[in-house]
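Here is the file upload-v6.txt (compact mmCIF, C-alpha atoms).
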```
# COMPACT_ATOMS: atom_id res chain seq x y z
CA MET A 1 118.20 146.52 94.89
CA LYS A 2 114.57 146.93 95.93
CA LEU A 3 113.46 145.72 92.50
CA ARG A 4 115.66 142.64 92.87
CA ILE A 5 114.15 141.82 96.26
CA PHE A 6 110.63 142.19 94.84
CA ILE A 7 111.16 140.14 91.68
CA LEU A 8 113.15 137.26 93.20
CA PRO A 9 110.23 135.71 95.17
CA LEU A 10 108.01 135.89 92.08
CA LEU A 11 110.59 134.04 89.99
CA LEU A 12 111.01 131.37 92.66
CA LEU A 13 107.24 130.88 92.75
CA THR A 14 107.25 130.47 88.97
CA ALA A 15 109.94 127.80 89.22
CA ALA A 16 107.96 125.98 91.93
CA ALA A 17 104.83 126.03 89.77
CA ALA A 18 106.82 124.63 86.86
CA ALA A 19 108.12 121.82 89.05
CA THR A 20 104.51 120.93 89.87
CA ILE A 21 103.78 120.67 86.14
CA VAL A 22 106.73 118.33 85.69
CA ASN A 23 105.28 115.98 88.35
CA ALA A 24 102.12 115.35 86.33
CA HIS A 25 101.53 111.69 85.50
CA ASN A 26 99.61 109.64 82.98
CA ILE A 27 98.82 106.04 83.87
CA THR A 28 98.26 104.86 80.28
CA HIS A 29 101.64 106.28 79.24
CA ILE A 30 103.33 104.58 82.18
CA LEU A 31 101.82 101.21 81.29
CA ALA A 32 102.34 101.65 77.53
CA GLY A 33 105.92 100.41 77.84
CA HIS A 34 104.76 97.21 79.55
CA PRO A 35 102.71 95.06 77.12
CA ASP A 36 102.00 92.49 79.85
CA PHE A 37 99.61 95.05 81.35
CA SER A 38 97.86 96.12 78.14
CA THR A 39 94.49 94.61 79.11
CA PHE A 40 94.55 96.27 82.53
CA SER A 41 95.47 99.60 80.92
CA HIS A 42 92.69 99.22 78.34
CA TYR A 43 90.02 98.72 80.98
CA LEU A 44 91.29 101.65 83.04
CA THR A 45 90.54 103.74 79.95
CA VAL A 46 87.21 102.11 79.09
CA THR A 47 85.90 102.52 82.67
CA ARG A 48 87.21 106.12 82.79
CA LEU A 49 89.36 105.27 85.81
CA ALA A 50 92.47 106.41 83.90
CA ALA A 51 91.23 110.02 83.85
CA GLU A 52 90.46 109.83 87.58
CA ILE A 53 93.93 108.44 88.32
CA ASN A 54 95.60 111.13 86.20
CA ARG A 55 93.94 113.99 88.04
CA ARG A 56 94.78 112.69 91.53
CA ARG A 57 98.01 113.05 93.45
CA THR A 58 99.52 110.72 96.09
CA ILE A 59 98.12 107.53 94.64
CA THR A 60 99.05 103.86 94.16
CA VAL A 61 97.93 101.70 91.23
CA CYS A 62 98.03 97.91 91.70
CA ALA A 63 98.30 96.58 88.17
CA VAL A 64 97.71 92.95 87.21
CA ASP A 65 99.05 91.21 84.12
CA ASN A 66 97.00 90.09 81.12
CA ALA A 67 96.57 86.54 82.47
CA ALA A 68 95.02 87.80 85.71
CA MET A 69 92.79 90.21 83.79
CA ASN A 70 91.60 87.40 81.52
CA GLU A 71 90.52 85.41 84.57
CA LEU A 72 88.48 88.41 85.70
CA LEU A 73 86.96 88.97 82.25
CA ASP A 74 85.95 85.31 82.04
CA LYS A 75 83.37 86.06 84.74
CA HIS A 76 81.56 88.37 82.29
CA TYR A 77 80.84 91.18 84.73
CA PRO A 78 79.08 94.23 83.25
CA LEU A 79 81.29 97.27 82.74
CA ASP A 80 80.01 99.16 85.78
CA VAL A 81 80.88 96.20 88.04
CA LEU A 82 84.32 95.92 86.40
CA LYS A 83 84.85 99.57 87.23
CA ASN A 84 84.08 98.94 90.91
CA ILE A 85 86.43 95.94 91.01
CA LEU A 86 89.27 97.83 89.31
CA SER A 87 88.68 100.77 91.66
CA LEU A 88 89.83 98.49 94.48
CA HIS A 89 93.22 98.40 92.75
CA VAL A 90 93.78 102.14 93.15
CA PHE A 91 94.78 103.38 96.60
CA ALA A 92 94.36 106.98 97.75
CA ASP A 93 97.83 106.91 99.31
CA TYR A 94 101.41 106.36 98.16
CA PHE A 95 102.96 102.91 98.63
CA GLY A 96 106.33 102.37 96.99
CA ALA A 97 108.18 99.05 97.33
CA LYS A 98 110.20 100.31 100.30
CA LYS A 99 107.14 101.53 102.20
CA LEU A 100 105.30 98.26 101.59
CA HIS A 101 108.09 96.32 103.30
CA GLN A 102 108.27 98.72 106.25
CA ILE A 103 104.62 98.78 107.34
CA THR A 104 104.30 99.68 111.01
CA LYS A 105 103.06 96.78 113.19
CA GLY A 106 102.96 94.50 110.18
CA SER A 107 99.69 95.68 108.60
CA THR A 108 97.70 98.76 107.66
CA THR A 109 94.38 99.59 106.02
CA THR A 110 94.12 102.06 103.16
CA SER A 111 91.23 103.61 101.26
CA SER A 112 90.78 102.59 97.64
CA LEU A 113 89.29 104.65 94.85
CA TYR A 114 86.17 102.50 95.26
CA GLN A 115 85.78 103.99 98.74
CA ALA A 116 87.00 107.51 97.88
CA THR A 117 84.44 107.99 95.11
CA GLY A 118 81.53 107.09 97.40
CA GLU A 119 80.54 103.99 95.43
CA ALA A 120 81.32 101.56 98.28
CA ALA A 121 78.90 100.97 101.15
CA GLY A 122 80.34 101.55 104.62
CA THR A 123 83.99 100.50 104.79
CA SER A 124 83.85 97.93 102.00
CA GLY A 125 86.17 100.02 99.83
CA TYR A 126 89.16 99.62 102.14
CA VAL A 127 92.08 97.25 101.50
CA LYS A 128 94.26 95.63 104.16
CA ILE A 129 97.98 95.52 103.40
CA THR A 130 100.03 92.95 105.35
CA ASP A 131 103.80 92.58 105.58
CA MET A 132 104.01 88.77 105.58
CA LYS A 133 106.81 86.36 106.48
CA GLY A 134 109.51 85.77 103.92
CA GLY A 135 109.42 89.32 102.59
CA LYS A 136 106.00 88.98 100.95
CA VAL A 137 103.33 91.68 101.10
CA GLY A 138 99.65 90.71 100.90
CA PHE A 139 96.52 92.63 99.85
CA THR A 140 92.93 91.86 100.86
CA PRO A 141 89.74 93.97 100.66
CA THR A 142 88.41 94.36 104.20
CA ASP A 143 84.99 92.85 103.38
CA SER A 144 86.46 89.86 101.53
CA ASP A 145 85.61 86.32 102.69
CA ALA A 146 89.17 85.14 101.95
CA ASP A 147 91.17 83.73 104.88
CA GLU A 148 94.49 84.42 103.19
CA PRO A 149 95.63 87.54 101.30
CA MET A 150 93.90 87.70 97.95
CA ALA A 151 97.03 88.95 96.14
CA THR A 152 100.70 89.53 96.84
CA PHE A 153 103.25 92.15 95.77
CA VAL A 154 105.24 91.12 92.69
CA LYS A 155 107.35 94.12 91.69
CA SER A 156 107.46 97.87 91.29
CA ILE A 157 106.68 99.12 87.77
CA GLN A 158 107.30 102.85 88.24
CA GLU A 159 107.57 105.14 91.24
CA MET A 160 107.34 108.93 91.35
CA PRO A 161 107.79 109.37 95.12
CA TYR A 162 104.71 110.66 96.92
CA ASN A 163 102.98 111.37 93.59
CA ILE A 164 102.22 107.98 92.01
CA SER A 165 103.42 104.43 92.57
CA VAL A 166 102.55 101.73 90.02
CA ILE A 167 103.14 98.20 91.27
CA GLN A 168 102.27 94.71 90.09
CA ILE A 169 100.24 92.36 92.28
CA SER A 170 99.73 88.66 91.63
CA HIS A 171 95.92 88.48 91.35
CA THR A 172 92.94 90.79 91.04
CA LEU A 173 91.24 92.13 94.17
CA SER A 174 87.49 91.85 94.61
CA SER A 175 84.76 91.77 97.22
CA PRO A 176 81.03 90.99 97.48
CA SER A 177 80.25 94.71 97.51
CA ALA A 178 82.31 95.47 94.39
CA GLU A 179 80.79 92.50 92.52
CA ALA A 180 77.19 93.42 93.38
CA PRO A 181 75.09 94.70 90.46
CA THR A 182 74.94 98.48 90.39
CA ALA A 183 71.82 100.53 89.99
CA ALA A 184 71.04 101.50 86.41
CA PRO A 185 71.51 105.19 85.57
CA ALA A 186 68.40 107.28 85.95
CA ASP A 187 66.24 107.40 82.85
CA ILE A 188 67.15 110.53 80.92
CA ASN A 189 65.02 111.71 78.03
CA LEU A 190 67.88 113.31 76.13
CA ILE A 191 65.78 114.61 73.24
CA SER A 192 63.29 116.27 75.58
CA LEU A 193 66.14 117.78 77.60
CA LEU A 194 67.76 119.28 74.51
CA ALA A 195 64.45 120.72 73.28
CA ARG A 196 63.73 122.39 76.63
CA GLN A 197 67.18 123.89 77.08
CA GLY A 198 67.74 125.88 73.89
CA CYS A 199 68.73 123.06 71.53
CA LYS A 200 65.31 122.34 70.07
CA SER A 201 66.52 122.55 66.48
CA PHE A 202 69.39 120.12 67.11
CA SER A 203 67.11 117.66 68.92
CA GLY A 204 64.69 117.83 65.99
CA MET A 205 67.51 117.00 63.59
CA LEU A 206 68.50 113.99 65.71
CA THR A 207 64.96 112.65 65.68
CA ALA A 208 64.38 113.30 61.97
CA GLN A 209 67.62 111.57 61.03
CA GLY A 210 67.15 108.65 63.44
CA ALA A 211 70.41 109.46 65.22
CA ASP A 212 68.69 109.91 68.58
CA ASP A 213 68.83 106.16 69.23
CA VAL A 214 72.63 106.15 69.01
CA PHE A 215 72.88 108.93 71.60
CA THR A 216 70.32 107.30 73.90
CA GLU A 217 71.99 103.89 73.75
CA SER A 218 75.33 105.47 74.65
CA ILE A 219 74.09 106.93 77.94
CA LYS A 220 74.69 103.86 80.10
CA GLU A 221 78.38 103.61 79.21
CA GLY A 222 78.87 107.38 79.34
CA LEU A 223 78.02 110.22 76.98
CA THR A 224 79.05 113.82 76.44
CA VAL A 225 77.02 115.92 73.99
CA PHE A 226 77.91 119.29 72.51
CA CYS A 227 74.63 120.69 71.19
CA PRO A 228 74.64 123.80 68.97
CA SER A 229 72.23 126.55 69.93
CA ASP A 230 69.11 127.14 67.86
CA ASP A 231 70.69 130.25 66.32
CA ALA A 232 73.79 128.27 65.30
CA VAL A 233 71.68 125.56 63.67
CA LYS A 234 69.59 128.16 61.84
CA SER A 235 72.64 129.78 60.24
CA PHE A 236 74.05 126.38 59.28
CA ALA A 237 70.78 125.00 57.85
CA PRO A 238 71.52 125.72 54.14
CA SER A 239 74.77 123.74 54.30
CA TYR A 240 73.13 120.92 56.26
CA LYS A 241 70.43 120.49 53.61
CA ASN A 242 73.08 119.86 50.95
CA LEU A 243 74.51 116.85 52.79
CA THR A 244 73.57 113.27 51.91
CA ALA A 245 71.56 111.26 54.45
CA ALA A 246 74.74 109.50 55.59
CA GLY A 247 76.54 112.84 55.81
CA LYS A 248 73.79 114.32 57.97
CA THR A 249 73.97 111.36 60.36
CA SER A 250 77.76 111.62 60.61
CA LEU A 251 77.58 115.35 61.30
CA LEU A 252 75.07 114.81 64.11
CA LEU A 253 77.10 111.96 65.66
CA TYR A 254 80.16 114.23 65.45
CA HIS A 255 78.61 116.24 68.30
CA GLY A 256 78.76 113.33 70.75
CA VAL A 257 81.63 111.64 72.61
CA GLY A 258 81.14 108.13 73.97
CA VAL A 259 82.45 108.87 77.47
CA TYR A 260 81.22 111.08 80.29
CA GLU A 261 83.31 114.22 80.78
CA SER A 262 82.55 116.80 83.43
CA MET A 263 83.60 120.40 82.90
CA ASP A 264 86.59 119.83 85.18
CA MET A 265 87.61 116.83 83.08
CA LEU A 266 87.36 118.89 79.90
CA ARG A 267 89.47 121.68 81.39
CA SER A 268 92.16 119.37 82.78
CA GLY A 269 92.13 116.98 79.83
CA ALA A 270 92.57 119.27 76.85
CA GLY A 271 93.45 117.30 73.73
CA SER A 272 92.04 115.14 70.94
CA ARG A 273 88.72 113.32 71.21
CA ASN A 274 87.14 110.63 69.06
CA THR A 275 83.40 111.02 68.54
CA LEU A 276 80.36 108.85 67.94
CA ALA A 277 81.02 109.37 64.21
CA THR A 278 84.57 107.95 64.40
CA GLU A 279 84.85 104.78 62.36
CA GLY A 280 88.11 103.27 61.12
CA ALA A 281 89.95 105.62 58.80
CA LYS A 282 87.16 108.18 59.13
CA LYS A 283 88.58 109.93 62.17
CA PHE A 284 85.86 112.52 62.77
CA ASP A 285 87.83 113.79 65.77
CA PHE A 286 88.23 117.25 67.30
CA THR A 287 90.32 118.96 69.95
CA VAL A 288 89.28 120.33 73.34
CA LYS A 289 91.16 123.53 74.11
CA ASN A 290 91.29 125.93 77.05
CA ASP A 291 91.09 129.61 76.11
CA GLY A 292 91.27 131.63 79.30
CA ASP A 293 88.04 130.96 81.17
CA ASP A 294 86.44 129.39 78.09
CA VAL A 295 86.53 125.81 76.85
CA LYS A 296 86.54 125.47 73.07
CA ILE A 297 85.89 122.58 70.72
CA VAL A 298 88.24 122.96 67.76
CA THR A 299 87.87 121.12 64.45
CA LYS A 300 90.13 121.37 61.41
CA LEU A 301 87.71 123.94 59.93
CA ASN A 302 86.12 125.90 62.79
CA SER A 303 85.77 126.19 66.53
CA ALA A 304 82.90 126.49 69.00
CA THR A 305 82.79 127.79 72.57
CA ILE A 306 80.88 126.08 75.36
CA THR A 307 78.31 128.64 76.49
CA GLY A 308 76.30 126.63 79.01
CA THR A 309 75.80 123.33 80.81
CA LEU A 310 72.44 121.60 80.36
CA ILE A 311 73.27 118.58 82.52
CA ASP A 312 76.46 117.33 84.16
CA LYS A 313 75.76 114.19 86.13
CA ASP A 314 77.63 110.96 85.54
CA PRO A 315 77.07 109.20 83.14
CA VAL A 316 75.76 112.12 81.03
CA ALA A 317 77.01 115.62 80.33
CA VAL A 318 75.38 117.96 77.83
CA TYR A 319 76.91 121.33 76.92
CA GLN A 320 75.55 124.05 74.66
CA ILE A 321 77.96 125.48 72.07
CA ASP A 322 77.70 128.58 69.89
CA GLU A 323 78.55 126.95 66.53
CA VAL A 324 77.81 123.77 64.63
CA LEU A 325 81.01 121.69 64.55
CA ILE A 326 82.32 121.27 60.99
CA PRO A 327 84.24 118.03 60.29
CA LYS A 328 86.93 117.97 57.62
CA GLU A 329 85.58 114.59 56.50
CA LEU A 330 82.40 116.25 55.16
CA PHE A 331 83.55 119.72 54.05
CA LYS A 332 86.61 120.88 52.12
CA THR A 333 86.27 124.39 53.54
CA ALA A 334 84.17 125.93 56.28
CA PRO A 335 80.64 126.83 55.11
CA PRO A 336 79.76 130.56 55.14
CA SER A 337 78.05 130.22 58.53
CA ALA A 338 81.26 128.97 60.11
CA LYS A 339 83.88 131.08 58.32
CA SER A 340 83.86 133.69 61.04
CA LYS A 341 85.76 131.21 63.20
CA SER A 342 87.61 129.18 60.62
CA ALA A 343 90.76 131.31 60.75
CA GLU A 344 90.98 130.84 64.49
CA ALA A 345 90.44 127.10 64.16
CA GLU A 346 93.19 126.84 61.55
CA ALA A 347 95.63 128.37 64.00
CA ASP A 348 94.48 126.29 66.97
CA ALA A 349 93.85 122.89 65.46
CA PRO A 350 96.67 120.34 65.23
CA GLY A 351 97.92 119.23 61.83
CA PRO A 352 97.01 115.89 60.26
CA ALA A 353 97.93 113.01 62.53
CA GLY A 354 100.31 110.29 61.49
CA ASP A 355 99.69 106.55 61.73
CA ASP A 356 101.44 106.46 65.09
CA GLU A 357 99.27 109.08 66.72
CA VAL A 358 98.75 108.60 70.46
CA PRO A 359 95.24 107.18 71.19
CA ALA A 360 92.66 109.82 72.07
CA ASP A 361 92.19 108.51 75.64
CA GLU A 362 95.87 109.11 76.29
CA ASN A 363 96.04 112.61 74.76
CA SER A 364 93.85 113.95 77.54
CA SER A 365 96.82 114.00 79.92
CA ASN A 366 99.95 114.02 77.82
CA ASN A 367 102.70 113.58 80.37
CA VAL A 368 105.48 113.94 77.82
CA GLY A 369 104.21 117.33 76.71
CA ARG A 370 103.92 118.50 80.26
CA ILE A 371 107.44 117.43 81.13
CA VAL A 372 108.97 119.15 78.12
CA GLY A 373 106.97 122.32 78.71
CA GLY A 374 107.66 122.24 82.44
CA SER A 375 111.38 121.80 81.92
CA GLY A 376 111.42 124.82 79.63
CA ILE A 377 109.70 126.93 82.24
CA VAL A 378 112.10 125.73 84.94
CA ALA A 379 115.11 126.57 82.77
CA LEU A 380 113.73 130.01 81.97
CA SER A 381 112.91 130.68 85.62
CA VAL A 382 116.39 129.68 86.80
CA SER A 383 117.97 131.91 84.12
CA LEU A 384 115.88 134.85 85.24
CA VAL A 385 116.78 134.27 88.90
CA LEU A 386 120.48 134.20 88.07
CA ALA A 387 120.14 137.32 85.97
CA VAL A 388 118.43 139.19 88.79
CA LEU A 389 121.01 138.08 91.37
CA SER A 390 123.88 139.18 89.15
CA ALA A 391 122.30 142.57 88.34
```

Let me see whether you can do it: turn the structure in this file into structure tokens.
Amino acid sequence: MKLRIFILPLLLLTAAAAATIVNAHNITHILAGHPDFSTFSHYLTVTRLAAEINRRRTITVCAVDNAAMNELLDKHYPLDVLKNILSLHVFADYFGAKKLHQITKGSTTTSSLYQATGEAAGTSGYVKITDMKGGKVGFTPTDSDADEPMATFVKSIQEMPYNISVIQISHTLSSPSAEAPTAAPADINLISLLARQGCKSFSGMLTAQGADDVFTESIKEGLTVFCPSDDAVKSFAPSYKNLTAAGKTSLLLYHGVGVYESMDMLRSGAGSRNTLATEGAKKFDFTVKNDGDDVKIVTKLNSATITGTLIDKDPVAVYQIDEVLIPKELFKTAPPSAKSKSAEAEADAPGPAGDDEVPADENSSNNVGRIVGGSGIVALSVSLVLAVLSA
């Protein structure tokens, strides 16, 4: 009896945790079934807002259709300004269709992601929501010059109560603050940074091969680098020398990802990643995997563990790893220097992907996988609870 009383609360906690897993969401998956919003979804991914949306709870996404997005794109804003504008379309609160039509006193002001991330000056990242006559609901950024609501509610796309609401609005939202040019990222001498922080050999290879320019040019739009330690490069050197010039360049580019990913983003977004070497049929991808307290980069032939952070400041993150990453596109088997980890990689790495593989930007938060796994845990937890009660 005492054992039953002790175990029951633990099992109930397990079931509650599993329910939390089930409630995970993925904005690109939600919009994938609605082709009219494909452009909006694409730019959520490109601006890295999708990852920010996926990690937040109690949130509202105001999607616009392809026609409205094309009007915005015709203005040729740089990507960082587009990110600010689209950030106005993400509210840090839950507004389903019912709540929108029951706003107290007819209007309310809510914080957008533009405000929540600290990018907006003062209160310019807030949006006013107005319950208008005739059942319409209007949206206007608080620092907008518009006399009338800038957009109106069209329909609900998907609602997961108090977790995420995805709705369609008629036009894009913008403001003078969001449209203002943003400051350029601070100048970062990536090669010098690598050389000073224990990746001197890798930085030398980048310079010698002329691949440093590709990494440097990627900084503005976001860059994550996994640089092998000097010891790792030294042990891999014989195999590297046998590669062609093109092969050497591809191997070096394989250690970079063209988006910024903080350590938290890597931990919460385990899954497949394209790299700077990815080109058409040449996938050159790898998998990010959590292993206890460690974060591992797993290829088809070997794996490497992140051992340190050299810099982690948007738009650049540089991590040191303990092995050179070995792409299947360049090697049939793991070279001798990497065979110590090849068995582990073979067990961890996913099999060859089919033609219908989910895009890499969506794999980072695979909602389907979470729901299936969560449901299994819930079922197991309930079975255990019933077993304990009947004992």

(request) Starting from the point (75.5, 128.8, 77.6), work out which residues of protein, DNA or RNA have an atom no more than 9 Å away when counting all atoms listed in the file; state them as number ranges by chain. (result) A: 229, 305-310, 319-322

Take the residues that were just selected and, keeping C-alpha atoms, output them as a PDB file, in the coordinates of the input.
```
ATOM      1  CA  SER A 229      72.230 126.550  69.930  1.00  0.00           C
ATOM      2  CA  THR A 305      82.790 127.790  72.570  1.00  0.00           C
ATOM      3  CA  ILE A 306      80.880 126.080  75.360  1.00  0.00           C
ATOM      4  CA  THR A 307      78.310 128.640  76.490  1.00  0.00           C
ATOM      5  CA  GLY A 308      76.300 126.630  79.010  1.00  0.00           C
ATOM      6  CA  THR A 309      75.800 123.330  80.810  1.00  0.00           C
ATOM      7  CA  LEU A 310      72.440 121.600  80.360  1.00  0.00           C
ATOM      8  CA  TYR A 319      76.910 121.330  76.920  1.00  0.00           C
ATOM      9  CA  GLN A 320      75.550 124.050  74.660  1.00  0.00           C
ATOM     10  CA  ILE A 321      77.960 125.480  72.070  1.00  0.00           C
ATOM     11  CA  ASP A 322      77.700 128.580  69.890  1.00  0.00           C
TER      12      ASP A 322
END
```

(message) I need the residue nearest Lys282 of chain A from this list: A:Ala146, A:Leu223, A:Leu330, A:Ile164. Use only C-alpha atoms for the distance.
(response) A:Leu330

(request) Name the residues in contact with Phe284 of chain A at a cut-off of 7 Å, using all atoms listed in the file, excluding same-chain residues fewer than 5 positions from it; report them as a ChimeraX atom specification. (result) /A:254,274-275,277-278,327,329

(request) Rank A:Glu179, A:Asp264, A:Asp145, A:Asp93 by their smallest atom-to-atom distance to Asn163 of chain A, using all atoms listed in the file, and report the top residue only. (result)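 Closest residue, counting all atoms listed in the file: A:Asp93.
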
(request) Work out how far atom CA of Val318 of chain A is from atom CA of Asp230 of chain A, in Å to one decimal. (result)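 Calculated distance between atom CA of Asp230 of chain A and atom CA of Val318 of chain A is 14.9 Å.
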
(request) Tell me which of A:Tyr126, A:Phe226, A:Tyr162, A:Phe215 sits closest to Phe139 of chain A, counting all atoms listed in the file. (result) A:Tyr126

(request) Skip Ile311 of chain A itself and residues of its chain fewer than 6 positions away, then list as a list in words all residues within 10 Å of it, counting all atoms listed in the file. (result) Leu190, Leu193, Leu194, Gln197, Thr224, Val225, Ser262, Ala317, Val318, Tyr319 and Gln320 of chain A

(request) Show which residues sit within 10 Å of Leu206 of chain A, as a PyMOL selection string. Count only C-alpha atoms, and ignore same-chain residues fewer than 6 positions away. (result) chain A and resi 191+200+212-215+248-249+252-253

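Atom CA of Ser170 of chain A to atom CA of Tyr94 of chain A spans 18.9 Å [interatomic distance, one decimal].
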
(request) To one decimal in Å, tell me the separation between atom CA of Tyr77 of chain A and atom CA of Ile59 of chain A. (result)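 It comes out at 25.8 Å.
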
Exercise: Asp231 of chain A partners within 10 Å, all atoms listed in the file, chain neighbours under 3 positions left out, as a PDB file with C-alpha atoms, in the frame of the given file:
```pdb
ATOM      1  CA  GLY A 198      67.740 125.880  73.890  1.00  0.00           C
ATOM      2  CA  CYS A 199      68.730 123.060  71.530  1.00  0.00           C
ATOM      3  CA  SER A 201      66.520 122.550  66.480  1.00  0.00           C
ATOM      4  CA  PRO A 228      74.640 123.800  68.970  1.00  0.00           C
ATOM      5  CA  LYS A 234      69.590 128.160  61.840  1.00  0.00           C
ATOM      6  CA  SER A 235      72.640 129.780  60.240  1.00  0.00           C
ATOM      7  CA  PHE A 236      74.050 126.380  59.280  1.00  0.00           C
ATOM      8  CA  ALA A 237      70.780 125.000  57.850  1.00  0.00           C
ATOM      9  CA  ASP A 322      77.700 128.580  69.890  1.00  0.00           C
ATOM     10  CA  GLU A 323      78.550 126.950  66.530  1.00  0.00           C
ATOM     11  CA  VAL A 324      77.810 123.770  64.630  1.00  0.00           C
TER      12      VAL A 324
END
```

(message) Here is a test: counting only C-alpha atoms, which residue of A:Ser156, A:Ser175, A:Gln168, A:Thr299 is nearest to Gly125 of chain A?
(response) A:Ser175

(request) Check the smallest atom-to-atom distance from each of A:Tyr260, A:Phe286, A:Phe91, A:Phe331 to Thr45 of chain A using only C-alpha atoms, then report the winner. (result) A:Tyr260

(request) Check the smallest atom-to-atom distance from each of A:Ser177, A:Ser107, A:Gln158, A:Ser144 to Ala63 of chain A using only C-alpha atoms, then report the winner. (result)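 Closest to Ala63 of chain A, using only C-alpha atoms: A:Gln158.
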
(request) Write out as number ranges by chain which residues come within 12 Å of His101 of chain A when counting all atoms listed in the file, dropping same-chain ones fewer than 4 positions away. (result) A: 95-97, 105-108, 129-138, 152-153, 155

Fill-in result for segment 212-229 of chain A, N, CA and C atoms as a PDB file, in the frame of the given file:
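Output saved as out37.pdb:
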```pdb
ATOM      1  N   ASP A 212      68.971 109.812  67.144  1.00  0.00           N
ATOM      2  CA  ASP A 212      68.690 109.910  68.580  1.00  0.00           C
ATOM      3  C   ASP A 212      68.906 108.581  69.289  1.00  0.00           C
ATOM      4  N   ASP A 213      68.657 107.470  68.598  1.00  0.00           N
ATOM      5  CA  ASP A 213      68.830 106.160  69.230  1.00  0.00           C
ATOM      6  C   ASP A 213      70.293 105.902  69.594  1.00  0.00           C
ATOM      7  N   VAL A 214      71.210 106.350  68.737  1.00  0.00           N
ATOM      8  CA  VAL A 214      72.630 106.150  69.010  1.00  0.00           C
ATOM      9  C   VAL A 214      73.028 106.902  70.280  1.00  0.00           C
ATOM     10  N   PHE A 215      72.568 108.136  70.411  1.00  0.00           N
ATOM     11  CA  PHE A 215      72.880 108.930  71.600  1.00  0.00           C
ATOM     12  C   PHE A 215      72.266 108.282  72.846  1.00  0.00           C
ATOM     13  N   THR A 216      71.014 107.879  72.750  1.00  0.00           N
ATOM     14  CA  THR A 216      70.320 107.300  73.900  1.00  0.00           C
ATOM     15  C   THR A 216      70.975 106.008  74.359  1.00  0.00           C
ATOM     16  N   GLU A 217      71.366 105.165  73.407  1.00  0.00           N
ATOM     17  CA  GLU A 217      71.990 103.890  73.750  1.00  0.00           C
ATOM     18  C   GLU A 217      73.380 104.063  74.347  1.00  0.00           C
ATOM     19  N   SER A 218      73.983 105.220  74.136  1.00  0.00           N
ATOM     20  CA  SER A 218      75.330 105.470  74.650  1.00  0.00           C
ATOM     21  C   SER A 218      75.326 105.963  76.090  1.00  0.00           C
ATOM     22  N   ILE A 219      74.169 106.304  76.611  1.00  0.00           N
ATOM     23  CA  ILE A 219      74.090 106.930  77.940  1.00  0.00           C
ATOM     24  C   ILE A 219      74.645 106.028  79.029  1.00  0.00           C
ATOM     25  N   LYS A 220      74.289 104.747  79.009  1.00  0.00           N
ATOM     26  CA  LYS A 220      74.690 103.860  80.100  1.00  0.00           C
ATOM     27  C   LYS A 220      76.205 103.782  80.262  1.00  0.00           C
ATOM     28  N   GLU A 221      76.928 103.725  79.144  1.00  0.00           N
ATOM     29  CA  GLU A 221      78.380 103.610  79.210  1.00  0.00           C
ATOM     30  C   GLU A 221      79.074 104.963  79.319  1.00  0.00           C
ATOM     31  N   GLY A 222      78.296 106.040  79.236  1.00  0.00           N
ATOM     32  CA  GLY A 222      78.870 107.380  79.340  1.00  0.00           C
ATOM     33  C   GLY A 222      78.708 108.158  78.051  1.00  0.00           C
ATOM     34  N   LEU A 223      78.288 109.397  78.170  1.00  0.00           N
ATOM     35  CA  LEU A 223      78.020 110.220  76.980  1.00  0.00           C
ATOM     36  C   LEU A 223      78.237 111.690  77.283  1.00  0.00           C
ATOM     37  N   THR A 224      78.909 112.371  76.374  1.00  0.00           N
ATOM     38  CA  THR A 224      79.050 113.820  76.440  1.00  0.00           C
ATOM     39  C   THR A 224      78.549 114.393  75.110  1.00  0.00           C
ATOM     40  N   VAL A 225      77.623 115.340  75.187  1.00  0.00           N
ATOM     41  CA  VAL A 225      77.020 115.920  73.990  1.00  0.00           C
ATOM     42  C   VAL A 225      77.325 117.405  73.936  1.00  0.00           C
ATOM     43  N   PHE A 226      77.701 117.875  72.746  1.00  0.00           N
ATOM     44  CA  PHE A 226      77.910 119.290  72.510  1.00  0.00           C
ATOM     45  C   PHE A 226      76.832 119.734  71.523  1.00  0.00           C
ATOM     46  N   CYS A 227      75.769 120.364  72.049  1.00  0.00           N
ATOM     47  CA  CYS A 227      74.630 120.690  71.190  1.00  0.00           C
ATOM     48  C   CYS A 227      74.681 122.163  70.762  1.00  0.00           C
ATOM     49  N   PRO A 228      74.642 122.421  69.461  1.00  0.00           N
ATOM     50  CA  PRO A 228      74.640 123.800  68.970  1.00  0.00           C
ATOM     51  C   PRO A 228      73.335 124.497  69.339  1.00  0.00           C
ATOM     52  N   SER A 229      73.425 125.767  69.605  1.00  0.00           N
ATOM     53  CA  SER A 229      72.230 126.550  69.930  1.00  0.00           C
ATOM     54  C   SER A 229      71.313 126.633  68.720  1.00  0.00           C
TER      55      SER A 229
END
```
